[in-house]
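J.: Please find data29.cif (mmCIF, C-alpha atoms) on the next line:
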data_work
loop_
_atom_site.label_atom_id
_atom_site.label_comp_id
_atom_site.auth_asym_id
_atom_site.auth_seq_id
_atom_site.Cartn_x
_atom_site.Cartn_y
_atom_site.Cartn_z
CA MET H 21 114.97 74.43 -97.19
CA ALA H 22 114.84 71.06 -95.79
CA LEU H 23 113.87 72.44 -92.40
CA ALA H 24 111.12 74.49 -93.93
CA ARG H 25 109.90 71.44 -95.76
CA ARG H 26 109.74 69.44 -92.61
CA ARG H 27 107.82 72.20 -90.83
CA SER H 28 105.46 72.41 -93.74
CA ASP H 29 104.89 68.65 -93.54
CA ARG H 30 104.07 68.85 -89.86
CA ARG H 31 101.35 71.46 -90.38
CA ILE H 32 99.78 69.30 -92.95
CA ASP H 33 99.74 66.32 -90.60
CA TYR H 34 98.09 68.17 -87.59
CA TRP H 35 95.26 69.89 -89.34
CA PRO H 36 93.10 66.92 -90.19
CA GLY H 37 93.43 65.67 -86.64
CA PHE H 38 92.46 69.09 -85.36
CA VAL H 39 89.46 69.10 -87.61
CA ASP H 40 88.47 65.64 -86.50
CA ALA H 41 88.86 66.64 -82.90
CA LEU H 42 86.83 69.77 -83.40
CA SER H 43 84.11 67.82 -85.17
CA THR H 44 84.04 65.28 -82.39
CA LEU H 45 83.83 68.09 -79.83
CA LEU H 46 80.94 69.68 -81.68
CA LEU H 47 79.14 66.33 -81.84
CA ALA H 48 79.71 65.84 -78.13
CA ILE H 49 78.44 69.30 -77.39
CA MET H 50 75.38 68.65 -79.51
CA PHE H 51 74.84 65.36 -77.73
CA LEU H 52 75.19 67.01 -74.35
CA LEU H 53 72.78 69.74 -75.41
CA SER H 54 70.33 67.11 -76.52
CA VAL H 55 70.75 65.27 -73.26
CA PHE H 56 70.39 68.56 -71.35
CA VAL H 57 67.20 69.37 -73.23
CA LEU H 58 65.85 65.90 -72.63
CA ALA H 59 66.83 66.14 -68.96
CA GLN H 60 65.16 69.51 -68.70
CA PHE H 61 62.02 68.00 -70.21
CA LEU H 62 62.08 65.06 -67.85
CA LEU H 63 62.93 67.32 -64.92
CA SER H 64 60.01 69.57 -65.74
CA ARG H 65 57.73 66.55 -65.76
CA GLU H 66 59.25 65.30 -62.53
CA ILE H 67 58.91 68.73 -60.92
CA THR H 68 55.22 68.70 -61.88
CA GLY H 69 54.65 65.68 -59.54
CA LYS H 70 57.16 66.79 -56.90
CA ASP H 71 54.55 66.88 -54.09
CA GLU H 72 53.75 63.23 -54.60
CA VAL H 73 57.43 62.36 -54.80
CA LEU H 74 58.18 64.35 -51.67
CA ASN H 75 55.43 62.54 -49.81
CA ARG H 76 56.77 59.22 -50.91
CA LEU H 77 60.26 60.30 -49.94
CA ASN H 78 59.05 61.47 -46.52
CA SER H 79 57.26 58.15 -46.00
CA GLN H 80 60.38 56.26 -47.05
CA ILE H 81 62.48 58.47 -44.77
CA ASN H 82 60.14 57.68 -41.83
CA GLU H 83 60.30 53.97 -42.57
CA LEU H 84 64.07 54.15 -42.83
CA THR H 85 64.16 56.08 -39.53
CA GLN H 86 62.09 53.39 -37.83
CA LEU H 87 64.20 50.64 -39.35
CA LEU H 88 67.30 52.47 -38.18
CA ALA H 89 65.90 52.74 -34.62
CA LEU H 90 64.93 49.06 -34.67
CA GLU H 91 68.33 48.15 -35.99
CA LYS H 92 69.95 50.18 -33.23
CA SER H 93 67.76 48.33 -30.66
CA ASN H 94 68.66 44.98 -32.22
CA THR H 95 72.27 46.01 -32.22
CA GLN H 96 72.06 46.85 -28.52
CA ASP H 97 70.36 43.51 -27.80
CA ALA H 98 73.00 41.73 -29.82
CA GLN H 99 75.69 43.54 -27.86
CA ASP H 100 74.01 42.56 -24.57
CA SER H 101 73.68 38.96 -25.73
CA LEU H 102 77.31 39.00 -26.81
CA ALA H 103 78.30 40.28 -23.38
CA ASN H 104 76.25 37.54 -21.72
CA LEU H 105 77.74 34.92 -24.01
CA GLN H 106 81.21 36.17 -23.23
CA ALA H 107 80.45 35.96 -19.51
CA SER H 108 79.00 32.44 -19.96
CA LEU H 109 82.08 31.50 -21.98
CA SER H 110 84.31 32.72 -19.22
CA ALA H 111 82.32 30.78 -16.64
CA ALA H 112 82.39 27.69 -18.86
CA GLU H 113 86.14 27.96 -19.27
CA ALA H 114 86.51 28.29 -15.51
CA GLU H 115 84.24 25.28 -14.97
CA LYS H 116 86.22 23.37 -17.59
CA SER H 117 89.42 24.12 -15.74
CA ARG H 118 87.88 23.03 -12.47
CA LEU H 119 86.57 19.82 -14.02
CA GLN H 120 89.93 19.11 -15.57
CA GLN H 121 91.51 19.47 -12.15
CA LEU H 122 88.89 17.21 -10.63
CA LEU H 123 89.39 14.73 -13.44
CA ALA H 124 93.08 14.73 -12.81
CA GLN H 125 92.52 14.25 -9.09
CA GLY H 126 89.90 11.53 -9.60
CA ALA H 127 91.73 9.52 -12.20
CA GLY H 128 92.54 6.97 -9.55
CA ALA H 129 88.83 6.59 -8.69
CA GLY H 130 87.88 5.67 -12.27
CA ALA H 131 87.87 1.95 -11.57
CA ALA H 132 85.62 2.39 -8.54
CA ALA H 133 83.35 4.61 -10.62
CA ASP H 134 83.18 1.97 -13.33
CA ALA H 135 82.33 -0.65 -10.74
CA ARG H 136 79.68 1.61 -9.29
CA ILE H 137 78.30 2.22 -12.78
CA GLY H 138 78.10 -1.55 -13.32
CA SER H 139 76.28 -1.96 -10.00
CA LEU H 140 73.91 0.83 -10.84
CA SER H 141 73.29 -0.73 -14.25
CA GLY H 142 72.34 -4.01 -12.55
CA GLU H 143 70.05 -2.19 -10.15
CA LEU H 144 68.56 -0.32 -13.09
CA ASP H 145 67.85 -3.60 -14.88
CA GLU H 146 66.18 -4.95 -11.75
CA GLU H 147 64.15 -1.78 -11.39
CA ARG H 148 63.07 -2.15 -14.99
CA GLN H 149 61.93 -5.68 -14.31
CA ILE H 150 60.04 -4.50 -11.21
CA SER H 151 58.51 -1.69 -13.24
CA GLN H 152 57.44 -4.17 -15.89
CA ARG H 153 55.77 -6.34 -13.26
CA ALA H 154 54.15 -3.26 -11.77
CA LEU H 155 52.83 -2.29 -15.17
CA SER H 156 51.43 -5.78 -15.59
CA GLN H 157 49.75 -5.52 -12.18
CA VAL H 158 48.38 -2.09 -13.09
CA GLU H 159 46.96 -3.51 -16.31
CA LEU H 160 45.37 -6.35 -14.34
CA LEU H 161 43.94 -3.86 -11.85
CA ASN H 162 42.55 -1.77 -14.69
CA GLN H 163 40.83 -4.84 -16.06
CA GLN H 164 39.43 -5.64 -12.61
CA ILE H 165 38.27 -2.04 -12.18
CA SER H 166 36.56 -2.20 -15.56
CA ALA H 167 34.82 -5.42 -14.53
CA LEU H 168 33.82 -3.86 -11.20
CA ARG H 169 32.41 -0.84 -12.98
CA LYS H 170 30.31 -3.13 -15.15
CA GLN H 171 29.12 -4.94 -12.02
CA ILE H 172 28.33 -1.63 -10.33
CA ALA H 173 26.37 -0.51 -13.39
CA ALA H 174 24.46 -3.80 -13.33
CA LEU H 175 23.83 -3.38 -9.60
CA GLU H 176 22.63 0.18 -10.14
CA ASP H 177 20.22 -1.06 -12.80
CA ALA H 178 19.05 -3.80 -10.43
CA LEU H 179 18.73 -1.24 -7.63
CA GLN H 180 16.64 1.04 -9.79
CA ALA H 181 14.44 -1.89 -10.74
CA SER H 182 14.23 -2.87 -7.07
CA GLU H 183 13.34 0.69 -6.07
CA ALA H 184 10.62 0.70 -8.70
CA LYS H 185 9.33 -2.60 -7.31
CA ASP H 186 9.58 -1.19 -3.78
CA ARG H 187 7.53 1.82 -4.76
CA GLU H 188 4.98 -0.49 -6.32
CA SER H 189 5.11 -2.74 -3.25
CA ASN H 190 4.75 0.25 -0.91
CA THR H 191 1.70 1.32 -2.87
CA LYS H 192 0.28 -2.18 -2.58
CA ILE H 193 1.21 -2.32 1.13
CA ALA H 194 -0.50 1.02 1.74
CA ASP H 195 -3.56 -0.26 -0.06
CA LEU H 196 -3.44 -3.50 1.92
CA GLY H 197 -2.99 -1.50 5.11
CA ARG H 198 -6.09 0.51 4.33
CA ARG H 199 -7.96 -2.68 3.58
CA LEU H 200 -6.65 -4.25 6.77
CA ASN H 201 -7.70 -1.26 8.81
CA VAL H 202 -11.14 -1.45 7.26
CA ALA H 203 -11.25 -5.19 7.96
CA LEU H 204 -10.06 -4.67 11.53
CA ALA H 205 -12.64 -1.97 12.05
CA GLN H 206 -15.28 -4.36 10.75
CA ARG H 207 -13.97 -7.11 13.06
CA VAL H 208 -14.01 -4.73 16.00
CA GLN H 209 -17.55 -3.76 15.17
CA GLU H 210 -18.51 -7.42 14.88
CA LEU H 211 -16.74 -8.22 18.16
CA ASN H 212 -18.45 -5.28 19.82
CA ARG H 213 -21.76 -6.64 18.60
CA TYR H 214 -20.98 -10.07 19.99
CA ARG H 215 -19.74 -8.48 23.18
CA SER H 216 -23.04 -6.63 23.51
CA ASP H 217 -24.94 -9.84 22.86
CA PHE H 218 -22.72 -11.68 25.38
CA PHE H 219 -23.20 -9.06 28.06
CA GLY H 220 -26.90 -8.95 27.30
CA ARG H 221 -27.19 -12.70 27.86
CA LEU H 222 -25.08 -12.50 31.01
CA ARG H 223 -27.28 -9.71 32.23
CA GLU H 224 -30.36 -11.86 31.66
CA ILE H 225 -28.73 -14.91 33.27
CA LEU H 226 -27.23 -13.11 36.26
CA SER H 227 -29.71 -10.30 36.73
CA ASP H 228 -30.78 -11.52 40.17
CA ARG H 229 -27.37 -10.70 41.78
CA GLU H 230 -26.59 -7.20 43.01
CA ASN H 231 -22.84 -7.80 43.13
CA ILE H 232 -22.61 -8.57 39.40
CA ARG H 233 -22.68 -5.56 37.04
CA ILE H 234 -21.39 -4.18 33.74
CA VAL H 235 -18.73 -1.43 33.87
CA GLY H 236 -17.83 -0.07 30.43
CA ASP H 237 -16.81 -3.01 28.25
CA ARG H 238 -16.25 -5.35 31.21
CA PHE H 239 -18.55 -7.66 33.21
CA VAL H 240 -17.67 -7.28 36.91
CA PHE H 241 -18.11 -9.86 39.72
CA GLN H 242 -17.43 -8.66 43.23
CA SER H 243 -14.94 -11.01 44.90
CA GLU H 244 -17.34 -11.80 47.76
CA VAL H 245 -19.67 -13.47 45.25
CA LEU H 246 -16.97 -15.98 44.24
CA PHE H 247 -14.32 -16.27 46.98
CA PRO H 248 -14.00 -16.35 50.75
CA VAL H 249 -11.85 -13.62 52.30
CA GLY H 250 -8.15 -14.08 51.44
CA SER H 251 -8.80 -17.27 49.40
CA GLU H 252 -8.65 -18.18 45.70
CA VAL H 253 -11.04 -21.17 46.02
CA ILE H 254 -14.42 -20.52 44.38
CA ASN H 255 -17.27 -21.06 46.82
CA GLU H 256 -20.45 -22.96 46.02
CA ALA H 257 -22.50 -19.86 45.14
CA GLY H 258 -19.68 -18.69 42.91
CA ARG H 259 -19.44 -22.06 41.15
CA VAL H 260 -23.15 -21.76 40.28
CA GLU H 261 -22.60 -18.29 38.80
CA MET H 262 -19.45 -19.36 36.94
CA LYS H 263 -21.33 -22.36 35.47
CA LYS H 264 -23.87 -19.94 34.02
CA LEU H 265 -20.99 -17.90 32.63
CA ALA H 266 -19.36 -20.98 31.05
CA ASP H 267 -22.64 -21.96 29.35
CA ALA H 268 -23.05 -18.44 27.96
CA VAL H 269 -19.46 -18.46 26.60
CA ILE H 270 -20.03 -21.83 24.93
CA GLU H 271 -23.21 -20.61 23.27
CA LEU H 272 -21.47 -17.39 22.15
CA GLN H 273 -18.60 -19.36 20.63
CA LYS H 274 -21.02 -21.03 18.24
CA GLU H 275 -22.07 -17.65 16.85
CA ILE H 276 -18.70 -15.88 16.52
CA PRO H 277 -17.09 -16.57 13.11
CA PRO H 278 -13.90 -18.64 13.37
CA GLU H 279 -11.81 -15.95 11.63
CA ILE H 280 -12.36 -13.62 14.61
CA ASN H 281 -9.52 -14.40 17.01
CA TRP H 282 -11.31 -13.58 20.30
CA VAL H 283 -10.46 -14.30 23.92
CA LEU H 284 -12.22 -13.87 27.24
CA ARG H 285 -9.81 -12.10 29.57
CA VAL H 286 -10.26 -12.73 33.31
CA ASP H 287 -8.70 -9.98 35.46
CA GLY H 288 -8.23 -10.31 39.22
CA HIS H 289 -8.23 -7.17 41.44
CA THR H 290 -7.85 -6.64 45.19
CA ASP H 291 -8.19 -3.69 47.56
CA ASP H 292 -5.20 -1.78 48.96
CA ARG H 293 -5.04 -3.58 52.31
CA PRO H 294 -1.79 -5.55 52.49
CA LEU H 295 -1.84 -9.22 53.39
CA SER H 296 -0.35 -10.41 56.65
CA GLY H 297 2.23 -12.49 54.83
CA THR H 298 1.62 -15.49 57.11
CA GLY H 299 -0.96 -17.09 54.82
CA ARG H 300 -0.61 -18.83 51.48
CA TYR H 301 -0.03 -15.62 49.52
CA ARG H 302 2.57 -13.03 50.37
CA ASP H 303 0.88 -10.04 48.68
CA ASN H 304 -2.12 -8.89 46.69
CA TRP H 305 -0.34 -9.60 43.38
CA GLU H 306 -0.29 -13.28 44.09
CA LEU H 307 -3.86 -13.31 45.42
CA SER H 308 -5.34 -11.46 42.41
CA SER H 309 -3.47 -13.71 39.94
CA ALA H 310 -4.53 -16.87 41.77
CA ARG H 311 -8.22 -15.84 41.77
CA ALA H 312 -8.13 -15.06 38.02
CA THR H 313 -6.45 -18.42 37.37
CA SER H 314 -9.11 -20.26 39.47
CA VAL H 315 -11.88 -18.73 37.34
CA VAL H 316 -10.08 -19.68 34.09
CA LYS H 317 -9.55 -23.27 35.26
CA PHE H 318 -13.21 -23.57 36.30
CA LEU H 319 -14.38 -22.36 32.90
CA ILE H 320 -12.04 -24.83 31.16
CA GLU H 321 -13.43 -27.65 33.31
CA ASN H 322 -16.91 -26.66 32.18
CA GLY H 323 -16.26 -26.76 28.44
CA VAL H 324 -14.76 -23.37 27.52
CA PRO H 325 -11.70 -23.84 25.19
CA ALA H 326 -8.46 -22.99 26.95
CA ASN H 327 -7.16 -21.03 23.92
CA ARG H 328 -10.05 -18.58 24.38
CA LEU H 329 -9.15 -17.66 27.96
CA VAL H 330 -6.55 -15.36 29.53
CA ALA H 331 -5.84 -14.85 33.26
CA ALA H 332 -4.24 -11.64 34.62
CA GLY H 333 -3.64 -10.29 38.11
CA PHE H 334 -3.52 -6.53 38.84
CA GLY H 335 -3.34 -6.51 42.63
CA GLU H 336 -4.57 -3.23 44.12
CA TYR H 337 -3.15 -1.04 41.32
CA GLN H 338 -6.29 -0.64 39.14
CA PRO H 339 -8.97 0.55 41.60
CA LEU H 340 -12.47 1.56 40.55
CA ASP H 341 -12.87 3.82 43.59
CA THR H 342 -9.89 5.62 45.10
CA ALA H 343 -11.68 6.57 48.36
CA GLY H 344 -10.25 4.99 51.46
CA THR H 345 -13.61 3.73 52.73
CA ASP H 346 -14.74 0.14 53.31
CA GLU H 347 -17.35 0.54 50.60
CA ALA H 348 -14.70 1.67 48.08
CA ARG H 349 -12.43 -1.23 49.03
CA SER H 350 -15.34 -3.64 48.56
CA ARG H 351 -15.95 -2.30 45.04
CA ASN H 352 -12.26 -2.64 44.18
CA ARG H 353 -12.15 -6.35 45.18
CA ARG H 354 -13.46 -7.87 41.96
CA ILE H 355 -13.12 -10.23 38.99
CA GLU H 356 -13.57 -8.57 35.60
CA LEU H 357 -14.44 -10.38 32.36
CA LYS H 358 -13.61 -8.70 29.04
CA LEU H 359 -14.32 -10.08 25.56
CA THR H 360 -11.53 -8.85 23.32
CA GLU H 361 -9.26 -9.82 20.44
CA ARG H 362 -6.03 -11.70 21.00
#
Once you've parsed the file, please lay out its structure as structure tokens.

T.:
Amino acid sequence: MALARRRSDRRIDYWPGFVDALSTLLLAIMFLLSVFVLAQFLLSREITGKDEVLNRLNSQINELTQLLALEKSNTQDAQDSLANLQASLSAAEAEKSRLQQLLAQGAGAGAAADARIGSLSGELDEERQISQRALSQVELLNQQISALRKQIAALEDALQASEAKDRESNTKIADLGRRLNVALAQRVQELNRYRSDFFGRLREILSDRENIRIVGDRFVFQSEVLFPVGSEVINEAGRVEMKKLADAVIELQKEIPPEINWVLRVDGHTDDRPLSGTGRYRDNWELSSARATSVVKFLIENGVPANRLVAAGFGEYQPLDTAGTDEARSRNRRIELKLTER
């Protein structure tokens, strides 16, 4: 009886728990069904836009693929860099070992090294001082260069001004040159007029002599009219003719304006027969010059100003007639008078 009672009590104790468990299971199943329905609804909506989702997924997959490839490349580079670093580390460790050995071997040379370092420090200080002085000199040179540049600029300005003045001066000089040429031409014309008047008067005064004539712009006396053979002394007949010439020159001088710088040039000429060399003159050069000088001195003695006279000797080298006859030689022995400018 007691056993049956205990069994009966156990049944009563399990049933409410079973009911609670069954209720909880039903609620869970209902919840799961609700979730399943909701998931089906959401899935149906998601399936509706599956093309767009797939495209996005494909794009993301491509991006991830590229990132994966890039990461693989970076990984390979990192591995290569790591290998290089490991090799450098090995080399550094080897160098460290070598330096440690050298340091151990050179421990005794430390004092000498310190002394050398001190010496080098002193030399470095001296070099710094030299560098400082050099910098000071460079600064001074820069200042001088700046001053020189200013001077050059001033000189260039002065040069440009001078060139402008030169151009102006050249223009004035050209103008003056033209004026001078015109003035000279006028003077030449005036002198030619006076020369014509002079020769005209000489022609009137000396018209009775056959051995006195006009050749071009020169008045010609044959030597026989004035000088004995081989002599520079003017004979009596020649002195008479030269006196007439002196008077004509003096009269002409009164008419020529003082600004015309004229001279009467006396040229002596001989023939081509050489002198014997035993007389007073060694050659025809000396004889022709002496005869021209005798005429000039005679004119000066008779009142012609010395500054208006010029004597020149040409020997036999300016003949009027190149024939080798006695007549040609006679024509070539002459005294020529030419009125010209100095």

J.: Of the candidates H:Leu123, H:Leu144, H:Ile172, H:Leu357, which one gets nearest to Val235 of chain H if we count all atoms listed in the file?

T.: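 So, comparing all the options, the nearest one is H:Leu357.
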
J.: Apply the PyMOL selection byres ((chain H and resi 263) around 12) to the file shown and report the selected residues as number ranges by chain.

T.: H: 222, 225-226, 246, 254, 256-262, 264-270, 315-324

J.: Take the residues that were just selected and, keeping C-alpha atoms, output them as an mmCIF file, in the coordinates of the input.

T.:
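Result written to again22.cif:
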data_model
loop_
_atom_site.group_PDB
_atom_site.id
_atom_site.type_symbol
_atom_site.label_atom_id
_atom_site.label_comp_id
_atom_site.auth_asym_id
_atom_site.auth_seq_id
_atom_site.Cartn_x
_atom_site.Cartn_y
_atom_site.Cartn_z
ATOM 1 C CA LEU H 222 -25.080 -12.500 31.010
ATOM 2 C CA ILE H 225 -28.730 -14.910 33.270
ATOM 3 C CA LEU H 226 -27.230 -13.110 36.260
ATOM 4 C CA LEU H 246 -16.970 -15.980 44.240
ATOM 5 C CA ILE H 254 -14.420 -20.520 44.380
ATOM 6 C CA GLU H 256 -20.450 -22.960 46.020
ATOM 7 C CA ALA H 257 -22.500 -19.860 45.140
ATOM 8 C CA GLY H 258 -19.680 -18.690 42.910
ATOM 9 C CA ARG H 259 -19.440 -22.060 41.150
ATOM 10 C CA VAL H 260 -23.150 -21.760 40.280
ATOM 11 C CA GLU H 261 -22.600 -18.290 38.800
ATOM 12 C CA MET H 262 -19.450 -19.360 36.940
ATOM 13 C CA LYS H 264 -23.870 -19.940 34.020
ATOM 14 C CA LEU H 265 -20.990 -17.900 32.630
ATOM 15 C CA ALA H 266 -19.360 -20.980 31.050
ATOM 16 C CA ASP H 267 -22.640 -21.960 29.350
ATOM 17 C CA ALA H 268 -23.050 -18.440 27.960
ATOM 18 C CA VAL H 269 -19.460 -18.460 26.600
ATOM 19 C CA ILE H 270 -20.030 -21.830 24.930
ATOM 20 C CA VAL H 315 -11.880 -18.730 37.340
ATOM 21 C CA VAL H 316 -10.080 -19.680 34.090
ATOM 22 C CA LYS H 317 -9.550 -23.270 35.260
ATOM 23 C CA PHE H 318 -13.210 -23.570 36.300
ATOM 24 C CA LEU H 319 -14.380 -22.360 32.900
ATOM 25 C CA ILE H 320 -12.040 -24.830 31.160
ATOM 26 C CA GLU H 321 -13.430 -27.650 33.310
ATOM 27 C CA ASN H 322 -16.910 -26.660 32.180
ATOM 28 C CA GLY H 323 -16.260 -26.760 28.440
ATOM 29 C CA VAL H 324 -14.760 -23.370 27.520
#

J.: Can you list, as JSON, numbers by chain, the residues that the PyMOL selection byres ((chain H and resi 350) around 12) selects here?

T.: {"H": [231, 241, 242, 243, 244, 245, 249, 289, 290, 291, 292, 293, 336, 339, 340, 341, 342, 343, 344, 345, 346, 347, 348, 349, 351, 352, 353, 354, 355]}

J.: Please produce a file of those selected residues containing C-alpha atoms, as a PDB file, in the coordinates of the input.

T.:
ATOM      1  CA  ASN H 231     -22.840  -7.800  43.130  1.00  0.00           C
ATOM      2  CA  PHE H 241     -18.110  -9.860  39.720  1.00  0.00           C
ATOM      3  CA  GLN H 242     -17.430  -8.660  43.230  1.00  0.00           C
ATOM      4  CA  SER H 243     -14.940 -11.010  44.900  1.00  0.00           C
ATOM      5  CA  GLU H 244     -17.340 -11.800  47.760  1.00  0.00           C
ATOM      6  CA  VAL H 245     -19.670 -13.470  45.250  1.00  0.00           C
ATOM      7  CA  VAL H 249     -11.850 -13.620  52.300  1.00  0.00           C
ATOM      8  CA  HIS H 289      -8.230  -7.170  41.440  1.00  0.00           C
ATOM      9  CA  THR H 290      -7.850  -6.640  45.190  1.00  0.00           C
ATOM     10  CA  ASP H 291      -8.190  -3.690  47.560  1.00  0.00           C
ATOM     11  CA  ASP H 292      -5.200  -1.780  48.960  1.00  0.00           C
ATOM     12  CA  ARG H 293      -5.040  -3.580  52.310  1.00  0.00           C
ATOM     13  CA  GLU H 336      -4.570  -3.230  44.120  1.00  0.00           C
ATOM     14  CA  PRO H 339      -8.970   0.550  41.600  1.00  0.00           C
ATOM     15  CA  LEU H 340     -12.470   1.560  40.550  1.00  0.00           C
ATOM     16  CA  ASP H 341     -12.870   3.820  43.590  1.00  0.00           C
ATOM     17  CA  THR H 342      -9.890   5.620  45.100  1.00  0.00           C
ATOM     18  CA  ALA H 343     -11.680   6.570  48.360  1.00  0.00           C
ATOM     19  CA  GLY H 344     -10.250   4.990  51.460  1.00  0.00           C
ATOM     20  CA  THR H 345     -13.610   3.730  52.730  1.00  0.00           C
ATOM     21  CA  ASP H 346     -14.740   0.140  53.310  1.00  0.00           C
ATOM     22  CA  GLU H 347     -17.350   0.540  50.600  1.00  0.00           C
ATOM     23  CA  ALA H 348     -14.700   1.670  48.080  1.00  0.00           C
ATOM     24  CA  ARG H 349     -12.430  -1.230  49.030  1.00  0.00           C
ATOM     25  CA  ARG H 351     -15.950  -2.300  45.040  1.00  0.00           C
ATOM     26  CA  ASN H 352     -12.260  -2.640  44.180  1.00  0.00           C
ATOM     27  CA  ARG H 353     -12.150  -6.350  45.180  1.00  0.00           C
ATOM     28  CA  ARG H 354     -13.460  -7.870  41.960  1.00  0.00           C
ATOM     29  CA  ILE H 355     -13.120 -10.230  38.990  1.00  0.00           C
TER      30      ILE H 355
END

J.: Could you pull the residues within 12 Å of Arg362 of chain H, counting all atoms listed in the file, minus those fewer than 6 positions along the same chain, as a list in words?

T.: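 Skipping anything fewer than 6 positions along the chain leaves Val208, Leu211, Glu279, Ile280, Asn281, Trp282, Val283, Leu284, Arg285, Asn327, Arg328, Leu329 and Val330 of chain H.
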
J.: How far is it from atom CA of Asp287 of chain H to atom CA of Gly250 of chain H, in Å with one decimal?

T.: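 Distance reported for this atom pair: 16.5 Å.
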
J.: Work out how far atom CA of Pro278 of chain H is from atom CA of Arg233 of chain H, in Å to one decimal.

T.: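 Spanning atom CA of Arg233 of chain H to atom CA of Pro278 of chain H is a straight-line distance of 28.4 Å.
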
J.: If you measure from atom CA of Ala331 of chain H to atom CA of Gly288 of chain H, what distance in Å do you get, rounded to one decimal?

T.: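 Those two atoms sit 7.9 Å apart.
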